[in-house]
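Enquirer: My structure is below; once you've seen it, I'll send some questions.
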Amino acid sequence: MLHNPEATQQALSILRNGNTFQWYVITLFAIVVYIYANEISKGNWKNVAAGLSLYMVHWFFEIGNGLVQHFSGHALWTVPTGTAFLLLIGVGVELSLMFSIAGLALSKLLPEDPKAKVLGVNNRLFFAIFNAAFFSIFEIFLAKTPAFVWVYPWWGAFPVFITVYIPFFLASMYCYDWRPAKQRLFIGGLFLINVAMLIVFAGFLKWI
């Protein structure tokens, strides 16, 4: 039995619907632009790469969640209310802007030495797992609100931790140390894939 299956139709009814728009989105966007501009002006390219890599993975997964909704009838996670603009069925503009800086912000906690260990674990892997666990636990709270719904009974914090947030933060924490050419290849390549999928699945086919 599905949990709150009506949330799917509620989300679809506001999907990219300008009637829900609120002006605070402009302020949030300006803050994100300022954060990235500040990091770029200081030459903190590793932090910028950590932020953008997570953001690209975030969009890849959100598109995938939209495709799950199209083919199965329900997304794994859904945002039926509480957002000023629903970008895709599982992500409002506020969540997306948060993810745009999450990797950048948390990369500030990384030790300078990429080989240093925390509790016997490589620090990049430790922080990827720790951050993934924190976000997964916080999502338990979100799922208890009307604004965020786990529709399938088997989908919850542990599947989110394993299949969503660990990839998010592995990409971010390890991209931080990659050579610039590899960073550009990963971020740019995933950007092009995401844009292509949005054009096809959201633009032409109207699936997501």
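In the structure tokens, chains take letters A, B, ... by order of appearance, with residues numbered from 1 within each chain and ligands from 1 in the order shown.
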Which polymer residues have any atom within 7 Å of an atom of Leu15 in chain A, counting only C-alpha atoms, with same-chain residues fewer than 5 positions away left out, as a list in words?
Expert: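 These residues fall inside the cut-off: Leu86, Leu87, Leu88 and Ile89 of chain A.
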Enquirer: Might you pull out every residue within 7 Å of range 181-193 of chain A, with only C-alpha atoms counted and same-chain residues fewer than 2 positions away left off, and present them as a PyMOL selection string?
Expert: chain A and resi 49+52-53+56+175+178-179+195-197
Enquirer: Smallest atom-to-atom distance to Leu97 in chain A: which of A:Val25, A:Leu2, A:Leu12, A:Val200, using only C-alpha atoms?
Expert: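 Distance minimum relative to Leu97 in chain A lands on A:Val25.
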Enquirer: DSSP on the backbone, then: every residue of range 26-171 of chain A marked strand (DSSP E), written as a PyMOL selection string.
Expert: chain A and resi 77-78+86-88+91-92+117-118+121-122+149-150
Enquirer: Store the residues of this selection in a file with C-alpha atoms, as a compact mmCIF listing (two decimals), in the first residue's frame.
Expert:
```txt
# COMPACT_ATOMS: atom_id res chain seq x y z
CA TRP A 77 10.01 11.30 -3.40
CA THR A 78 7.52 14.06 -4.09
CA LEU A 86 8.30 23.12 -8.29
CA LEU A 87 11.11 22.43 -10.78
CA LEU A 88 10.61 18.66 -11.02
CA VAL A 91 12.41 19.14 -5.99
CA GLY A 92 11.31 22.68 -5.34
CA LYS A 117 42.29 9.47 8.37
CA VAL A 118 39.36 10.05 10.72
CA VAL A 121 38.88 5.92 7.59
CA ASN A 122 40.17 8.12 4.80
CA VAL A 149 6.52 12.71 0.74
CA TRP A 150 8.08 9.25 0.43
```
Enquirer: Please provide as a VMD selection string all residues within 10 Å of range 164-172 of chain A, with the sequence filter that same-chain residues fewer than 6 positions apart are discarded (counting only C-alpha atoms).
Expert: chain A and resid 46 to 58 61 to 62 99 102 to 104 106 to 107 124 to 136 157 to 158 186 to 187
Enquirer: Go ahead and write the residues just picked, N, CA and C atoms, as a tab-separated table (two decimals), in the first residue's frame.
Expert:
```
chain	number	residue	atom	x	y	z
A	46	LYS	N	38.74	24.57	-5.91
A	46	LYS	CA	38.45	23.22	-5.40
A	46	LYS	C	37.09	23.19	-4.71
A	47	ASN	N	36.79	24.25	-3.96
A	47	ASN	CA	35.49	24.33	-3.30
A	47	ASN	C	34.37	24.50	-4.31
A	48	VAL	N	34.63	25.31	-5.34
A	48	VAL	CA	33.64	25.49	-6.41
A	48	VAL	C	33.36	24.16	-7.10
A	49	ALA	N	34.42	23.39	-7.36
A	49	ALA	CA	34.25	22.08	-8.01
A	49	ALA	C	33.45	21.14	-7.12
A	50	ALA	N	33.72	21.16	-5.81
A	50	ALA	CA	32.97	20.31	-4.89
A	50	ALA	C	31.49	20.68	-4.90
A	51	GLY	N	31.19	21.97	-4.99
A	51	GLY	CA	29.80	22.40	-5.02
A	51	GLY	C	29.10	22.04	-6.30
A	52	LEU	N	29.74	22.30	-7.43
A	52	LEU	CA	29.10	22.04	-8.72
A	52	LEU	C	28.96	20.56	-9.01
A	53	SER	N	29.93	19.75	-8.55
A	53	SER	CA	29.82	18.31	-8.80
A	53	SER	C	28.62	17.73	-8.08
A	54	LEU	N	28.40	18.12	-6.83
A	54	LEU	CA	27.22	17.63	-6.12
A	54	LEU	C	25.95	18.11	-6.82
A	55	TYR	N	25.96	19.35	-7.27
A	55	TYR	CA	24.76	19.91	-7.89
A	55	TYR	C	24.41	19.18	-9.19
A	56	MET	N	25.42	18.82	-9.95
A	56	MET	CA	25.16	18.07	-11.18
A	56	MET	C	24.60	16.68	-10.88
A	57	VAL	N	25.14	16.01	-9.86
A	57	VAL	CA	24.61	14.70	-9.47
A	57	VAL	C	23.18	14.86	-8.96
A	58	HIS	N	22.94	15.90	-8.20
A	58	HIS	CA	21.59	16.19	-7.71
A	58	HIS	C	20.59	16.26	-8.86
A	61	PHE	N	19.87	12.83	-10.47
A	61	PHE	CA	18.97	12.00	-9.67
A	61	PHE	C	17.54	12.52	-9.70
A	62	GLU	N	17.37	13.84	-9.70
A	62	GLU	CA	16.02	14.40	-9.74
A	62	GLU	C	15.34	14.09	-11.07
A	99	PHE	N	21.00	22.58	-2.46
A	99	PHE	CA	21.95	21.59	-2.97
A	99	PHE	C	23.03	22.24	-3.83
A	102	ALA	N	25.55	23.06	-1.08
A	102	ALA	CA	25.83	22.09	-0.01
A	102	ALA	C	27.24	21.51	-0.12
A	103	GLY	N	27.61	21.09	-1.32
A	103	GLY	CA	28.93	20.51	-1.49
A	103	GLY	C	30.04	21.51	-1.27
A	104	LEU	N	29.83	22.74	-1.72
A	104	LEU	CA	30.81	23.80	-1.52
A	104	LEU	C	31.00	24.06	-0.02
A	106	LEU	N	30.28	22.19	2.64
A	106	LEU	CA	30.81	21.08	3.43
A	106	LEU	C	32.23	20.72	3.03
A	107	SER	N	32.67	21.10	1.84
A	107	SER	CA	34.06	20.89	1.47
A	107	SER	C	35.00	21.75	2.30
A	124	ARG	N	38.19	11.79	3.21
A	124	ARG	CA	37.24	12.10	2.15
A	124	ARG	C	36.05	11.13	2.20
A	125	LEU	N	36.35	9.85	2.39
A	125	LEU	CA	35.29	8.85	2.50
A	125	LEU	C	34.49	9.06	3.78
A	126	PHE	N	35.18	9.38	4.88
A	126	PHE	CA	34.48	9.60	6.16
A	126	PHE	C	33.48	10.75	6.04
A	127	PHE	N	33.92	11.88	5.48
A	127	PHE	CA	33.02	13.03	5.38
A	127	PHE	C	31.89	12.78	4.38
A	128	ALA	N	32.16	12.00	3.33
A	128	ALA	CA	31.09	11.66	2.39
A	128	ALA	C	30.01	10.86	3.09
A	129	ILE	N	30.41	9.85	3.87
A	129	ILE	CA	29.44	9.01	4.58
A	129	ILE	C	28.75	9.78	5.69
A	130	PHE	N	29.52	10.57	6.43
A	130	PHE	CA	28.94	11.36	7.52
A	130	PHE	C	27.90	12.35	7.00
A	131	ASN	N	28.25	13.09	5.96
A	131	ASN	CA	27.32	14.06	5.39
A	131	ASN	C	26.08	13.37	4.82
A	132	ALA	N	26.29	12.22	4.16
A	132	ALA	CA	25.16	11.47	3.62
A	132	ALA	C	24.22	11.02	4.74
A	133	ALA	N	24.79	10.57	5.86
A	133	ALA	CA	23.98	10.12	6.99
A	133	ALA	C	23.20	11.29	7.58
A	134	PHE	N	23.86	12.44	7.72
A	134	PHE	CA	23.19	13.62	8.28
A	134	PHE	C	21.99	14.02	7.41
A	135	PHE	N	22.19	14.09	6.12
A	135	PHE	CA	21.11	14.49	5.22
A	135	PHE	C	19.98	13.47	5.22
A	136	SER	N	20.33	12.19	5.30
A	136	SER	CA	19.30	11.14	5.31
A	136	SER	C	18.46	11.22	6.57
A	157	ALA	N	14.77	6.43	4.80
A	157	ALA	CA	16.07	7.02	5.10
A	157	ALA	C	17.24	6.14	4.66
A	158	PHE	N	17.14	4.82	4.87
A	158	PHE	CA	18.28	3.96	4.51
A	158	PHE	C	18.47	3.85	3.01
A	186	PHE	N	34.14	15.96	-15.52
A	186	PHE	CA	33.03	15.38	-14.75
A	186	PHE	C	31.86	16.36	-14.69
A	187	ILE	N	32.14	17.58	-14.26
A	187	ILE	CA	31.07	18.57	-14.08
A	187	ILE	C	30.45	18.94	-15.43
```
Enquirer: Quick one: everything within 9 Å of Met98 in chain A, counting only C-alpha atoms, minus sequence neighbours fewer than 4 positions away in the same chain. Send it as a list in words.
Expert: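 Answer for this query is Leu28, Val32, Val93, Glu94 and Ala102 of chain A.
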Enquirer: Contacts of Gln69 in chain A at 9 Å or less, counting only C-alpha atoms, minus same-chain residues fewer than 5 places along, as number ranges by chain?
Expert: A: 8, 64, 74-76, 89, 207-208
Enquirer: Hey, can you check how far CA of Ile199 in chain A sits from CA of Ala11 in chain A?
Expert: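 Answer for the CA of Ile199 in chain A to CA of Ala11 in chain A separation: 20.6 Å.
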Enquirer: For Gly18 in chain A, list every protein, DNA or RNA residue within 10 Å, evaluated using only C-alpha atoms, and leave out those in the same chain fewer than 2 positions away; present the list as a list in words.
Expert: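 Here the qualifying residues turn out to be Ile14, Leu15, Arg16, Thr20, Phe21, Gln22, Ala84, Phe85 and Leu86 of chain A.
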Enquirer: Would you work out the distance separating CA of Asn17 in chain A from CA of Thr83 in chain A, expressed in Å to one decimal?
Expert: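 Between these atoms lies a distance of 10.6 Å.
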